[in-house]
>>> print(open('my_file03.pdb').read())   # PDB, C-alpha atoms
MODEL        1
ATOM      1  CA  MET A   1     -13.632  -1.712  12.717
ATOM      2  CA  THR A   2     -12.299  -1.309   9.195
ATOM      3  CA  ARG A   3      -9.447  -3.306   7.680
ATOM      4  CA  LEU A   4      -8.470  -2.200   4.200
ATOM      5  CA  LEU A   5      -5.681  -3.073   1.793
ATOM      6  CA  LEU A   6      -4.638  -0.758  -1.059
ATOM      7  CA  ILE A   7      -2.997  -2.362  -4.093
ATOM      8  CA  GLY A   8      -1.737  -0.663  -7.226
ATOM      9  CA  PRO A   9       1.418   0.074  -9.201
ATOM     10  CA  PRO A  10       4.027   2.484  -7.853
ATOM     11  CA  GLY A  11       2.835   6.032  -8.487
ATOM     12  CA  ALA A  12      -0.854   5.149  -8.670
ATOM     13  CA  GLY A  13      -1.586   7.404  -5.693
ATOM     14  CA  LYS A  14      -1.890   4.754  -2.972
ATOM     15  CA  GLY A  15      -0.015   6.804  -0.388
ATOM     16  CA  THR A  16      -2.150   9.899  -0.903
ATOM     17  CA  GLN A  17      -5.400   7.936  -0.813
ATOM     18  CA  ALA A  18      -4.218   5.903   2.184
ATOM     19  CA  GLU A  19      -3.753   9.093   4.203
ATOM     20  CA  ARG A  20      -7.206  10.387   3.281
ATOM     21  CA  LEU A  21      -8.969   7.065   3.929
ATOM     22  CA  ALA A  22      -7.147   6.533   7.225
ATOM     23  CA  LEU A  23      -8.379   9.937   8.341
ATOM     24  CA  ALA A  24     -11.936   9.234   7.183
ATOM     25  CA  PHE A  25     -12.146   5.838   8.904
ATOM     26  CA  ASP A  26      -9.995   6.835  11.906
ATOM     27  CA  VAL A  27      -7.525   3.976  11.448
ATOM     28  CA  PRO A  28      -3.735   4.061  10.993
ATOM     29  CA  ALA A  29      -2.303   3.938   7.474
ATOM     30  CA  ILE A  30       0.510   1.401   7.580
ATOM     31  CA  SER A  31       2.960   1.903   4.712
ATOM     32  CA  THR A  32       5.963  -0.376   4.503
ATOM     33  CA  GLY A  33       7.559   2.082   2.072
ATOM     34  CA  ASP A  34       7.269   4.910   4.616
ATOM     35  CA  ILE A  35       8.688   2.693   7.362
ATOM     36  CA  PHE A  36      11.628   1.735   5.154
ATOM     37  CA  ARG A  37      12.309   5.315   4.018
ATOM     38  CA  TYR A  38      12.189   6.613   7.603
ATOM     39  CA  ASN A  39      14.807   4.069   8.647
ATOM     40  CA  VAL A  40      17.003   4.752   5.612
ATOM     41  CA  THR A  41      16.879   8.509   6.261
ATOM     42  CA  ASN A  42      17.806   7.986   9.901
ATOM     43  CA  ASN A  43      20.541   5.436   9.143
ATOM     44  CA  THR A  44      19.086   2.837  11.489
ATOM     45  CA  PRO A  45      20.287  -0.784  11.294
ATOM     46  CA  LEU A  46      17.058  -1.611   9.429
ATOM     47  CA  GLY A  47      17.641   1.330   7.098
ATOM     48  CA  LEU A  48      21.129   0.171   6.219
ATOM     49  CA  GLU A  49      19.774  -3.315   5.584
ATOM     50  CA  VAL A  50      17.020  -2.239   3.198
ATOM     51  CA  LYS A  51      18.822   0.623   1.406
ATOM     52  CA  SER A  52      20.605  -1.613  -1.096
ATOM     53  CA  PHE A  53      17.291  -3.194  -2.119
ATOM     54  CA  MET A  54      15.498   0.143  -2.456
ATOM     55  CA  ASP A  55      18.288   1.759  -4.474
ATOM     56  CA  ALA A  56      18.062  -1.087  -6.971
ATOM     57  CA  GLY A  57      14.278  -0.863  -7.175
ATOM     58  CA  ALA A  58      13.983  -4.369  -5.717
ATOM     59  CA  TYR A  59      11.619  -5.585  -3.021
ATOM     60  CA  VAL A  60      12.878  -5.984   0.525
ATOM     61  CA  PRO A  61      12.930  -9.720   1.429
ATOM     62  CA  ASP A  62       9.630 -11.153   2.697
ATOM     63  CA  SER A  63      11.067 -12.266   6.021
ATOM     64  CA  LEU A  64      12.124  -8.742   6.936
ATOM     65  CA  THR A  65       8.925  -7.116   5.669
ATOM     66  CA  ASN A  66       6.687  -9.674   7.411
ATOM     67  CA  ALA A  67       8.402  -9.062  10.749
ATOM     68  CA  ILE A  68       8.001  -5.281  10.445
ATOM     69  CA  VAL A  69       4.284  -5.521   9.606
ATOM     70  CA  ALA A  70       3.621  -8.073  12.356
ATOM     71  CA  ASP A  71       5.161  -5.717  14.927
ATOM     72  CA  ARG A  72       3.217  -2.729  13.561
ATOM     73  CA  LEU A  73      -0.142  -4.536  13.687
ATOM     74  CA  LYS A  74       0.433  -5.295  17.374
ATOM     75  CA  GLU A  75       0.519  -1.583  18.244
ATOM     76  CA  ALA A  76      -2.488  -0.201  20.112
ATOM     77  CA  ASP A  77      -3.682   2.151  17.363
ATOM     78  CA  ALA A  78      -4.239  -0.804  14.999
ATOM     79  CA  ALA A  79      -6.497  -2.680  17.431
ATOM     80  CA  ASN A  80      -9.677  -1.209  15.915
ATOM     81  CA  GLY A  81      -8.665  -1.429  12.275
ATOM     82  CA  PHE A  82      -5.975  -0.401   9.838
ATOM     83  CA  LEU A  83      -5.209   0.401   6.235
ATOM     84  CA  LEU A  84      -2.297  -1.429   4.604
ATOM     85  CA  ASP A  85      -0.391   0.324   1.800
ATOM     86  CA  GLY A  86       2.430  -1.580   0.101
ATOM     87  CA  TYR A  87       1.922  -4.874   1.914
ATOM     88  CA  PRO A  88       1.424  -7.649   1.025
ATOM     89  CA  ARG A  89       3.327  -7.564  -2.269
ATOM     90  CA  THR A  90       3.816 -11.286  -2.893
ATOM     91  CA  THR A  91       1.694 -14.407  -2.485
ATOM     92  CA  ASP A  92       3.998 -15.526   0.336
ATOM     93  CA  GLN A  93       3.253 -12.244   2.126
ATOM     94  CA  VAL A  94      -0.483 -12.847   1.584
ATOM     95  CA  ALA A  95      -0.128 -16.173   3.387
ATOM     96  CA  GLU A  96       1.720 -14.494   6.260
ATOM     97  CA  LEU A  97      -0.879 -11.713   6.515
ATOM     98  CA  ASP A  98      -3.654 -14.331   6.541
ATOM     99  CA  ARG A  99      -1.864 -16.074   9.408
ATOM    100  CA  LEU A 100      -1.458 -12.818  11.347
ATOM    101  CA  LEU A 101      -5.114 -11.849  10.920
ATOM    102  CA  VAL A 102      -6.474 -15.308  11.768
ATOM    103  CA  SER A 103      -4.349 -15.408  14.915
ATOM    104  CA  GLY A 104      -5.957 -12.095  15.880
ATOM    105  CA  GLY A 105      -9.453 -13.302  14.991
ATOM    106  CA  THR A 106      -9.863 -10.825  12.139
ATOM    107  CA  GLN A 107      -9.756 -10.591   8.343
ATOM    108  CA  LEU A 108      -9.583  -7.995   5.577
ATOM    109  CA  ASP A 109     -12.834  -6.224   4.701
ATOM    110  CA  VAL A 110     -11.987  -4.889   1.249
ATOM    111  CA  VAL A 111      -9.013  -4.769  -1.121
ATOM    112  CA  VAL A 112      -8.945  -1.494  -3.080
ATOM    113  CA  LEU A 113      -7.159  -1.897  -6.420
ATOM    114  CA  ILE A 114      -6.084   1.480  -7.798
ATOM    115  CA  THR A 115      -5.262   1.359 -11.511
ATOM    116  CA  ALA A 116      -3.297   3.880 -13.568
ATOM    117  CA  ASP A 117      -1.796   4.194 -17.043
ATOM    118  CA  THR A 118       1.900   3.202 -17.096
ATOM    119  CA  ASP A 119       3.154   6.316 -18.911
ATOM    120  CA  GLU A 120       1.168   8.520 -16.548
ATOM    121  CA  VAL A 121       2.658   6.694 -13.563
ATOM    122  CA  VAL A 122       6.220   7.132 -14.860
ATOM    123  CA  ALA A 123       5.635  10.857 -15.458
ATOM    124  CA  ARG A 124       4.075  11.223 -12.003
ATOM    125  CA  LEU A 125       6.992   9.481 -10.265
ATOM    126  CA  LEU A 126       9.631  11.439 -12.173
ATOM    127  CA  LYS A 127       7.933  14.658 -11.100
ATOM    128  CA  ARG A 128       7.838  13.449  -7.480
ATOM    129  CA  ALA A 129      11.518  12.479  -7.665
ATOM    130  CA  ALA A 130      12.429  15.987  -8.795
ATOM    131  CA  GLU A 131      10.328  17.589  -6.059
ATOM    132  CA  GLN A 132      11.466  15.326  -3.221
ATOM    133  CA  GLY A 133      14.963  14.404  -4.321
ATOM    134  CA  ARG A 134      14.279  10.668  -4.243
ATOM    135  CA  ALA A 135      17.369   8.808  -5.405
ATOM    136  CA  ASP A 136      15.326   5.637  -5.961
ATOM    137  CA  ASP A 137      13.036   7.219  -8.566
ATOM    138  CA  THR A 138      15.023   7.350 -11.828
ATOM    139  CA  ALA A 139      13.139   6.472 -15.031
ATOM    140  CA  GLU A 140      15.014   3.165 -15.335
ATOM    141  CA  VAL A 141      14.300   2.163 -11.730
ATOM    142  CA  ILE A 142      10.640   3.241 -12.019
ATOM    143  CA  ARG A 143      10.078   1.029 -15.065
ATOM    144  CA  HIS A 144      11.865  -1.841 -13.321
ATOM    145  CA  ARG A 145       9.598  -1.398 -10.283
ATOM    146  CA  LEU A 146       6.555  -1.489 -12.566
ATOM    147  CA  ASP A 147       7.829  -4.718 -14.123
ATOM    148  CA  VAL A 148       8.409  -6.223 -10.677
ATOM    149  CA  TYR A 149       4.905  -5.134  -9.645
ATOM    150  CA  ALA A 150       3.365  -6.815 -12.691
ATOM    151  CA  GLU A 151       5.312  -9.996 -12.072
ATOM    152  CA  GLN A 152       5.059 -10.337  -8.291
ATOM    153  CA  THR A 153       2.164  -8.228  -7.025
ATOM    154  CA  ALA A 154      -0.450  -8.494  -9.750
ATOM    155  CA  PRO A 155      -1.078 -12.198  -8.891
ATOM    156  CA  LEU A 156      -2.341 -11.017  -5.492
ATOM    157  CA  ILE A 157      -5.282  -9.458  -7.291
ATOM    158  CA  ASP A 158      -6.331 -12.919  -8.463
ATOM    159  CA  VAL A 159      -6.026 -14.295  -4.913
ATOM    160  CA  TYR A 160      -8.195 -11.567  -3.413
ATOM    161  CA  SER A 161     -10.620 -11.528  -6.351
ATOM    162  CA  ALA A 162     -11.286 -15.215  -5.701
ATOM    163  CA  ARG A 163     -12.335 -14.161  -2.199
ATOM    164  CA  SER A 164     -14.625 -11.433  -3.643
ATOM    165  CA  LEU A 165     -12.721  -8.725  -1.764
ATOM    166  CA  VAL A 166     -11.508  -6.521  -4.650
ATOM    167  CA  VAL A 167     -12.986  -3.198  -5.773
ATOM    168  CA  THR A 168     -11.245  -1.599  -8.776
ATOM    169  CA  ILE A 169     -10.795   2.171  -8.842
ATOM    170  CA  ASP A 170      -9.482   4.414 -11.639
ATOM    171  CA  GLY A 171      -6.574   6.249 -10.010
ATOM    172  CA  LEU A 172      -6.325   9.035 -12.610
ATOM    173  CA  GLY A 173      -7.917  12.386 -11.907
ATOM    174  CA  ALA A 174      -8.021  14.886  -9.061
ATOM    175  CA  VAL A 175      -7.182  13.483  -5.627
ATOM    176  CA  GLU A 176     -10.636  14.343  -4.262
ATOM    177  CA  VAL A 177     -12.369  12.673  -7.214
ATOM    178  CA  VAL A 178     -10.413   9.442  -6.715
ATOM    179  CA  THR A 179     -11.205   9.520  -2.988
ATOM    180  CA  ASP A 180     -14.895   9.914  -3.774
ATOM    181  CA  ARG A 181     -14.719   6.914  -6.124
ATOM    182  CA  ILE A 182     -13.157   4.806  -3.377
ATOM    183  CA  LEU A 183     -15.649   5.919  -0.711
ATOM    184  CA  ALA A 184     -18.559   5.144  -3.039
ATOM    185  CA  ALA A 185     -17.184   1.656  -3.731
ATOM    186  CA  LEU A 186     -16.636   1.036  -0.011
ATOM    187  CA  ALA A 187     -20.140   2.246   0.799
ATOM    188  CA  GLU A 188     -21.504  -0.374  -1.605
ATOM    189  CA  ARG A 189     -19.672  -2.940   0.555
ATOM    190  CA  GLY A 190     -21.251  -1.516   3.709
ATOM    191  CA  LEU A 191     -18.180   0.436   4.842
ATOM    192  CA  ARG A 192     -18.818   4.073   5.640
ATOM    193  CA  PRO A 193     -16.519   6.550   7.392
ATOM    194  CA  ASP A 194     -17.185   7.262  11.045
ATOM    195  CA  SER A 195     -16.269  10.893  10.472
ATOM    196  CA  SER A 196     -16.910  13.600   7.918
ATOM    197  CA  THR A 197     -13.302  14.740   7.798
ATOM    198  CA  LEU A 198     -13.039  14.806   4.003
TER
ENDMDL
END
>>> encode(input="my_file03.pdb", output="C-alpha coordinates")
Amino acid sequence: MTRLLLIGPPGAGKGTQAERLALAFDVPAISTGDIFRYNVTNNTPLGLEVKSFMDAGAYVPDSLTNAIVADRLKEADAANGFLLDGYPRTTDQVAELDRLLVSGGTQLDVVVLITADTDEVVARLLKRAAEQGRADDTAEVIRHRLDVYAEQTAPLIDVYSARSLVVTIDGLGAVEVVTDRILAALAERGLRPDSSTL
(Lines of atoms letter the chains of each structure in order from A and count residues from 1; the text may use other names and numbers.)
(Lines give C-alpha, C1' and ligand atoms only; values in the text may rest on other atoms or scores of the structure.)
Protein backbone atom coordinates (compact mmCIF):
# COMPACT_ATOMS: atom_id res chain seq x y z
CA MET A 1 0.00 0.00 0.00
CA THR A 2 1.53 3.27 -1.16
CA ARG A 3 0.24 6.73 -0.29
CA LEU A 4 2.10 9.54 -2.00
CA LEU A 5 1.64 13.29 -2.27
CA LEU A 6 3.20 15.35 -5.08
CA ILE A 7 3.87 19.02 -4.38
CA GLY A 8 5.38 21.60 -6.70
CA PRO A 9 4.60 24.81 -8.56
CA PRO A 10 2.18 24.81 -11.49
CA GLY A 11 4.00 23.51 -14.56
CA ALA A 12 6.62 21.55 -12.63
CA GLY A 13 5.44 18.31 -14.23
CA LYS A 14 3.39 16.91 -11.34
CA GLY A 15 0.59 15.66 -13.57
CA THR A 16 2.93 13.80 -15.91
CA GLN A 17 4.88 12.23 -13.06
CA ALA A 18 1.68 11.40 -11.18
CA GLU A 19 0.44 9.34 -14.12
CA ARG A 20 3.72 7.44 -14.40
CA LEU A 21 4.04 6.80 -10.65
CA ALA A 22 0.40 5.73 -10.35
CA LEU A 23 1.02 3.19 -13.09
CA ALA A 24 4.24 1.96 -11.47
CA PHE A 25 2.70 1.55 -8.00
CA ASP A 26 -0.74 0.47 -9.28
CA VAL A 27 -2.62 3.18 -7.37
CA PRO A 28 -4.99 5.88 -8.64
CA ALA A 29 -3.61 9.36 -9.33
CA ILE A 30 -6.07 11.78 -7.77
CA SER A 31 -5.77 15.26 -9.29
CA THR A 32 -8.10 17.96 -8.06
CA GLY A 33 -7.20 20.03 -11.13
CA ASP A 34 -8.32 17.21 -13.45
CA ILE A 35 -11.54 16.76 -11.49
CA PHE A 36 -12.26 20.49 -11.70
CA ARG A 37 -11.43 20.72 -15.42
CA TYR A 38 -13.61 17.70 -16.24
CA ASN A 39 -16.57 19.33 -14.51
CA VAL A 40 -15.95 22.71 -16.14
CA THR A 41 -15.74 21.11 -19.59
CA ASN A 42 -18.98 19.22 -18.99
CA ASN A 43 -20.79 22.22 -17.48
CA THR A 44 -21.75 20.35 -14.33
CA PRO A 45 -23.02 22.27 -11.29
CA LEU A 46 -19.57 21.80 -9.72
CA GLY A 47 -17.94 23.02 -12.93
CA LEU A 48 -19.99 26.19 -12.98
CA GLU A 49 -19.12 26.77 -9.34
CA VAL A 50 -15.36 26.44 -9.78
CA LYS A 51 -14.98 28.06 -13.22
CA SER A 52 -14.87 31.62 -11.91
CA PHE A 53 -12.04 30.71 -9.52
CA MET A 54 -10.03 28.87 -12.17
CA ASP A 55 -10.39 31.63 -14.76
CA ALA A 56 -8.95 34.09 -12.26
CA GLY A 57 -6.08 31.77 -11.35
CA ALA A 58 -7.40 31.53 -7.79
CA TYR A 59 -7.75 28.43 -5.63
CA VAL A 60 -11.14 26.79 -5.26
CA PRO A 61 -12.36 27.23 -1.64
CA ASP A 62 -11.10 24.63 0.85
CA SER A 63 -14.57 23.47 1.82
CA LEU A 64 -15.42 22.48 -1.74
CA THR A 65 -12.03 20.91 -2.45
CA ASN A 66 -12.01 18.96 0.84
CA ALA A 67 -15.43 17.47 0.09
CA ILE A 68 -14.37 16.36 -3.40
CA VAL A 69 -11.19 14.68 -2.14
CA ALA A 70 -12.99 13.00 0.77
CA ASP A 71 -15.49 11.46 -1.66
CA ARG A 72 -12.72 10.37 -4.04
CA LEU A 73 -10.69 8.66 -1.30
CA LYS A 74 -13.74 6.58 -0.37
CA GLU A 75 -13.84 4.96 -3.82
CA ALA A 76 -12.78 1.32 -4.02
CA ASP A 77 -9.69 1.88 -6.18
CA ALA A 78 -8.11 4.06 -3.46
CA ALA A 79 -8.46 1.41 -0.74
CA ASN A 80 -4.93 0.07 -1.33
CA GLY A 81 -3.19 3.39 -1.82
CA PHE A 82 -3.27 6.56 -3.86
CA LEU A 83 -1.23 9.41 -5.23
CA LEU A 84 -2.45 12.95 -4.55
CA ASP A 85 -1.62 15.68 -7.09
CA GLY A 86 -2.75 19.23 -6.32
CA TYR A 87 -4.13 18.53 -2.85
CA PRO A 88 -3.58 19.64 -0.17
CA ARG A 89 -2.66 23.19 -1.17
CA THR A 90 -3.14 25.01 2.14
CA THR A 91 -2.38 24.25 5.78
CA ASP A 92 -6.13 24.00 6.44
CA GLN A 93 -6.33 21.31 3.75
CA VAL A 94 -3.39 19.50 5.39
CA ALA A 95 -5.38 19.37 8.63
CA GLU A 96 -8.42 18.00 6.78
CA LEU A 97 -6.32 15.38 4.96
CA ASP A 98 -4.76 14.34 8.28
CA ARG A 99 -8.26 13.91 9.70
CA LEU A 100 -9.39 11.85 6.69
CA LEU A 101 -6.35 9.56 6.84
CA VAL A 102 -6.49 9.07 10.61
CA SER A 103 -10.17 8.18 10.40
CA GLY A 104 -9.19 5.53 7.85
CA GLY A 105 -6.28 4.29 9.96
CA THR A 106 -3.66 5.38 7.43
CA GLN A 107 -1.09 8.12 6.78
CA LEU A 108 1.07 9.48 3.97
CA ASP A 109 4.25 7.55 3.19
CA VAL A 110 6.22 10.19 1.30
CA VAL A 111 5.75 13.75 0.03
CA VAL A 112 7.54 14.28 -3.30
CA LEU A 113 8.50 17.93 -3.81
CA ILE A 114 9.19 18.65 -7.48
CA THR A 115 11.14 21.87 -8.00
CA ALA A 116 11.53 23.89 -11.20
CA ASP A 117 12.89 27.25 -12.32
CA THR A 118 10.15 29.91 -12.51
CA ASP A 119 10.97 31.13 -16.03
CA GLU A 120 11.09 27.55 -17.27
CA VAL A 121 7.71 26.86 -15.67
CA VAL A 122 6.13 29.93 -17.30
CA ALA A 123 7.52 28.94 -20.72
CA ARG A 124 6.31 25.36 -20.22
CA LEU A 125 2.78 26.45 -19.27
CA LEU A 126 2.51 28.94 -22.13
CA LYS A 127 3.47 26.18 -24.55
CA ARG A 128 0.87 23.86 -22.99
CA ALA A 129 -1.77 26.60 -23.21
CA ALA A 130 -1.12 27.00 -26.92
CA GLU A 131 -1.26 23.25 -27.52
CA GLN A 132 -4.35 22.57 -25.42
CA GLY A 133 -6.23 25.84 -25.72
CA ARG A 134 -6.36 26.40 -21.96
CA ALA A 135 -8.04 29.73 -21.26
CA ASP A 136 -6.68 29.73 -17.70
CA ASP A 137 -3.02 29.70 -18.78
CA THR A 138 -2.18 33.27 -19.85
CA ALA A 139 1.23 34.63 -18.78
CA GLU A 140 -0.40 36.97 -16.25
CA VAL A 141 -2.51 34.21 -14.70
CA ILE A 142 0.45 31.79 -14.65
CA ARG A 143 2.61 34.25 -12.71
CA HIS A 144 -0.29 34.94 -10.34
CA ARG A 145 -0.70 31.19 -9.76
CA LEU A 146 3.02 30.93 -8.99
CA ASP A 147 2.70 33.77 -6.48
CA VAL A 148 -0.31 32.09 -4.87
CA TYR A 149 1.64 28.82 -4.73
CA ALA A 150 4.58 30.51 -3.00
CA GLU A 151 2.29 32.20 -0.51
CA GLN A 152 -0.18 29.41 0.29
CA THR A 153 1.33 26.07 -0.69
CA ALA A 154 5.02 26.45 0.06
CA PRO A 155 4.32 26.48 3.85
CA LEU A 156 3.06 22.90 3.47
CA ILE A 157 6.62 21.88 2.70
CA ASP A 158 7.66 23.04 6.17
CA VAL A 159 4.79 21.07 7.75
CA TYR A 160 5.72 17.84 5.98
CA SER A 161 9.47 18.41 6.37
CA ALA A 162 8.94 18.56 10.13
CA ARG A 163 7.44 15.08 9.82
CA SER A 164 10.47 13.89 7.78
CA LEU A 165 8.23 12.98 4.84
CA VAL A 166 9.68 15.20 2.08
CA VAL A 167 12.01 14.14 -0.74
CA THR A 168 13.07 16.95 -3.10
CA ILE A 169 13.36 16.21 -6.82
CA ASP A 170 14.69 18.42 -9.64
CA GLY A 171 11.77 18.58 -12.08
CA LEU A 172 13.80 19.82 -15.07
CA GLY A 173 14.96 17.35 -17.69
CA ALA A 174 13.45 14.53 -19.72
CA VAL A 175 10.29 12.99 -18.29
CA GLU A 176 11.94 9.58 -17.91
CA VAL A 177 14.95 11.07 -16.12
CA VAL A 178 12.72 12.87 -13.60
CA THR A 179 10.74 9.66 -13.04
CA ASP A 180 13.97 7.78 -12.38
CA ARG A 181 15.00 10.43 -9.84
CA ILE A 182 11.69 10.04 -8.02
CA LEU A 183 11.80 6.23 -8.04
CA ALA A 184 15.35 6.27 -6.67
CA ALA A 185 14.32 8.63 -3.86
CA LEU A 186 11.29 6.48 -3.04
CA ALA A 187 13.41 3.33 -3.04
CA GLU A 188 15.63 4.94 -0.40
CA ARG A 189 12.46 5.27 1.70
CA GLY A 190 11.63 1.59 1.17
CA LEU A 191 8.96 2.17 -1.49
CA ARG A 192 9.42 0.17 -4.66
CA PRO A 193 6.95 -0.34 -7.52
CA ASP A 194 5.03 -3.59 -7.60
CA SER A 195 5.31 -3.62 -11.38
CA SER A 196 7.93 -2.96 -14.02
CA THR A 197 5.62 -0.90 -16.21
CA LEU A 198 8.04 1.97 -16.75
>>> resolve_selection(input="my_file03.pdb", expression="the PyMOL selection byres ((chain A and resi 172) around 10)", output="list in words")
Ala12, Gly13, Ile114, Thr115, Ala116, Asp117, Glu120, Val121, Ile169, Asp170, Gly171, Gly173, Ala174, Val175, Val177 and Val178 of chain A
>>> write_last_selection(input="my_file03.pdb", atoms="C-alpha atoms", output="PDB file, in the frame of the given file")
ATOM      1  CA  ALA A  12      -0.854   5.149  -8.670  1.00  0.00           C
ATOM      2  CA  GLY A  13      -1.586   7.404  -5.693  1.00  0.00           C
ATOM      3  CA  ILE A 114      -6.084   1.480  -7.798  1.00  0.00           C
ATOM      4  CA  THR A 115      -5.262   1.359 -11.511  1.00  0.00           C
ATOM      5  CA  ALA A 116      -3.297   3.880 -13.568  1.00  0.00           C
ATOM      6  CA  ASP A 117      -1.796   4.194 -17.043  1.00  0.00           C
ATOM      7  CA  GLU A 120       1.168   8.520 -16.548  1.00  0.00           C
ATOM      8  CA  VAL A 121       2.658   6.694 -13.563  1.00  0.00           C
ATOM      9  CA  ILE A 169     -10.795   2.171  -8.842  1.00  0.00           C
ATOM     10  CA  ASP A 170      -9.482   4.414 -11.639  1.00  0.00           C
ATOM     11  CA  GLY A 171      -6.574   6.249 -10.010  1.00  0.00           C
ATOM     12  CA  GLY A 173      -7.917  12.386 -11.907  1.00  0.00           C
ATOM     13  CA  ALA A 174      -8.021  14.886  -9.061  1.00  0.00           C
ATOM     14  CA  VAL A 175      -7.182  13.483  -5.627  1.00  0.00           C
ATOM     15  CA  VAL A 177     -12.369  12.673  -7.214  1.00  0.00           C
ATOM     16  CA  VAL A 178     -10.413   9.442  -6.715  1.00  0.00           C
TER      17      VAL A 178
END
>>> resolve_selection(input="my_file03.pdb", expression="the PyMOL selection byres ((chain A and resi 78) around 10)", output="PyMOL selection string")
chain A and resi 1-3+27-30+72-77+79-83
>>> closest_atom_pairs(input="my_file03.pdb", of="range 7-44 of chain A", to="range 64-69 of chain A", cutoff="12 Å", atoms="all atoms listed in the file", output="Markdown table")
| residue | atom | partner | partner_atom | distance |
| --- | --- | --- | --- | --- |
| A:Ala29 | CA | A:Val69 | CA | 11.7 |
| A:Ile30 | CA | A:Val69 | CA | 8.1 |
| A:Ser31 | CA | A:Val69 | CA | 9.0 |
| A:Thr32 | CA | A:Val69 | CA | 7.4 |
| A:Gly33 | CA | A:Thr65 | CA | 10.0 |
| A:Asp34 | CA | A:Ile68 | CA | 11.8 |
| A:Ile35 | CA | A:Ile68 | CA | 8.6 |
| A:Phe36 | CA | A:Thr65 | CA | 9.3 |
| A:Asn39 | CA | A:Ile68 | CA | 11.7 |
>>> atom_distance(input="my_file03.pdb", atom1="CA of Ala162 in chain A", atom2="CA of Val110 in chain A")
12.5 Å
>>> closest_residue(input="my_file03.pdb", among="A:Leu23, A:Gln17, A:Ala56, A:Leu113", to="Asp158 in chain A", atoms="only C-alpha atoms")
A:Leu113
>>> closest_atom_pairs(input="my_file03.pdb", of="range 29-67 of chain A", to="range 144-150 of chain A", cutoff="10 Å", atoms="all atoms listed in the file", output="JSON lines")
{"residue": "A:Met54", "atom": "CA", "partner": "A:Arg145", "partner_atom": "CA", "distance": 9.9}
{"residue": "A:Ala56", "atom": "CA", "partner": "A:His144", "partner_atom": "CA", "distance": 8.9}
{"residue": "A:Gly57", "atom": "CA", "partner": "A:Arg145", "partner_atom": "CA", "distance": 5.6}
{"residue": "A:Ala58", "atom": "CA", "partner": "A:Arg145", "partner_atom": "CA", "distance": 7.0}
{"residue": "A:Tyr59", "atom": "CA", "partner": "A:Val148", "partner_atom": "CA", "distance": 8.3}
>>> closest_residue(input="my_file03.pdb", among="A:Gly47, A:Pro61, A:Gly15, A:Pro155", to="Val94 in chain A", atoms="all atoms listed in the file")
A:Pro155
>>> closest_residue(input="my_file03.pdb", among="A:Arg181, A:Arg134, A:Arg37, A:Arg189", to="Leu4 in chain A", atoms="only C-alpha atoms")
A:Arg189
>>> atom_distance(input="my_file03.pdb", atom1="CA of Leu165 in chain A", atom2="CA of Leu5 in chain A")
9.7 Å
>>> atom_distance(input="my_file03.pdb", atom1="CA of Ala184 in chain A", atom2="CA of Val167 in chain A")
10.4 Å
>>> closest_residue(input="my_file03.pdb", among="A:Asp62, A:Asp92, A:Glu19, A:Glu49", to="Leu156 in chain A", atoms="only C-alpha atoms")
A:Asp92
>>> closest_residue(input="my_file03.pdb", among="A:Ile182, A:Ala135, A:Thr91, A:Gly190", to="Val40 in chain A", atoms="only C-alpha atoms")
A:Ala135
>>> residues_around(input="my_file03.pdb", residues="Pro193 in chain A", least_positions_apart="6", cutoff="9 Å", atoms="all atoms listed in the file", output="PyMOL selection string")
chain A and resi 21+23-26+183+187
>>> closest_residue(input="my_file03.pdb", among="A:Lys51, A:Pro10, A:Ala130, A:Val112", to="Ala185 in chain A", atoms="all atoms listed in the file")
A:Val112
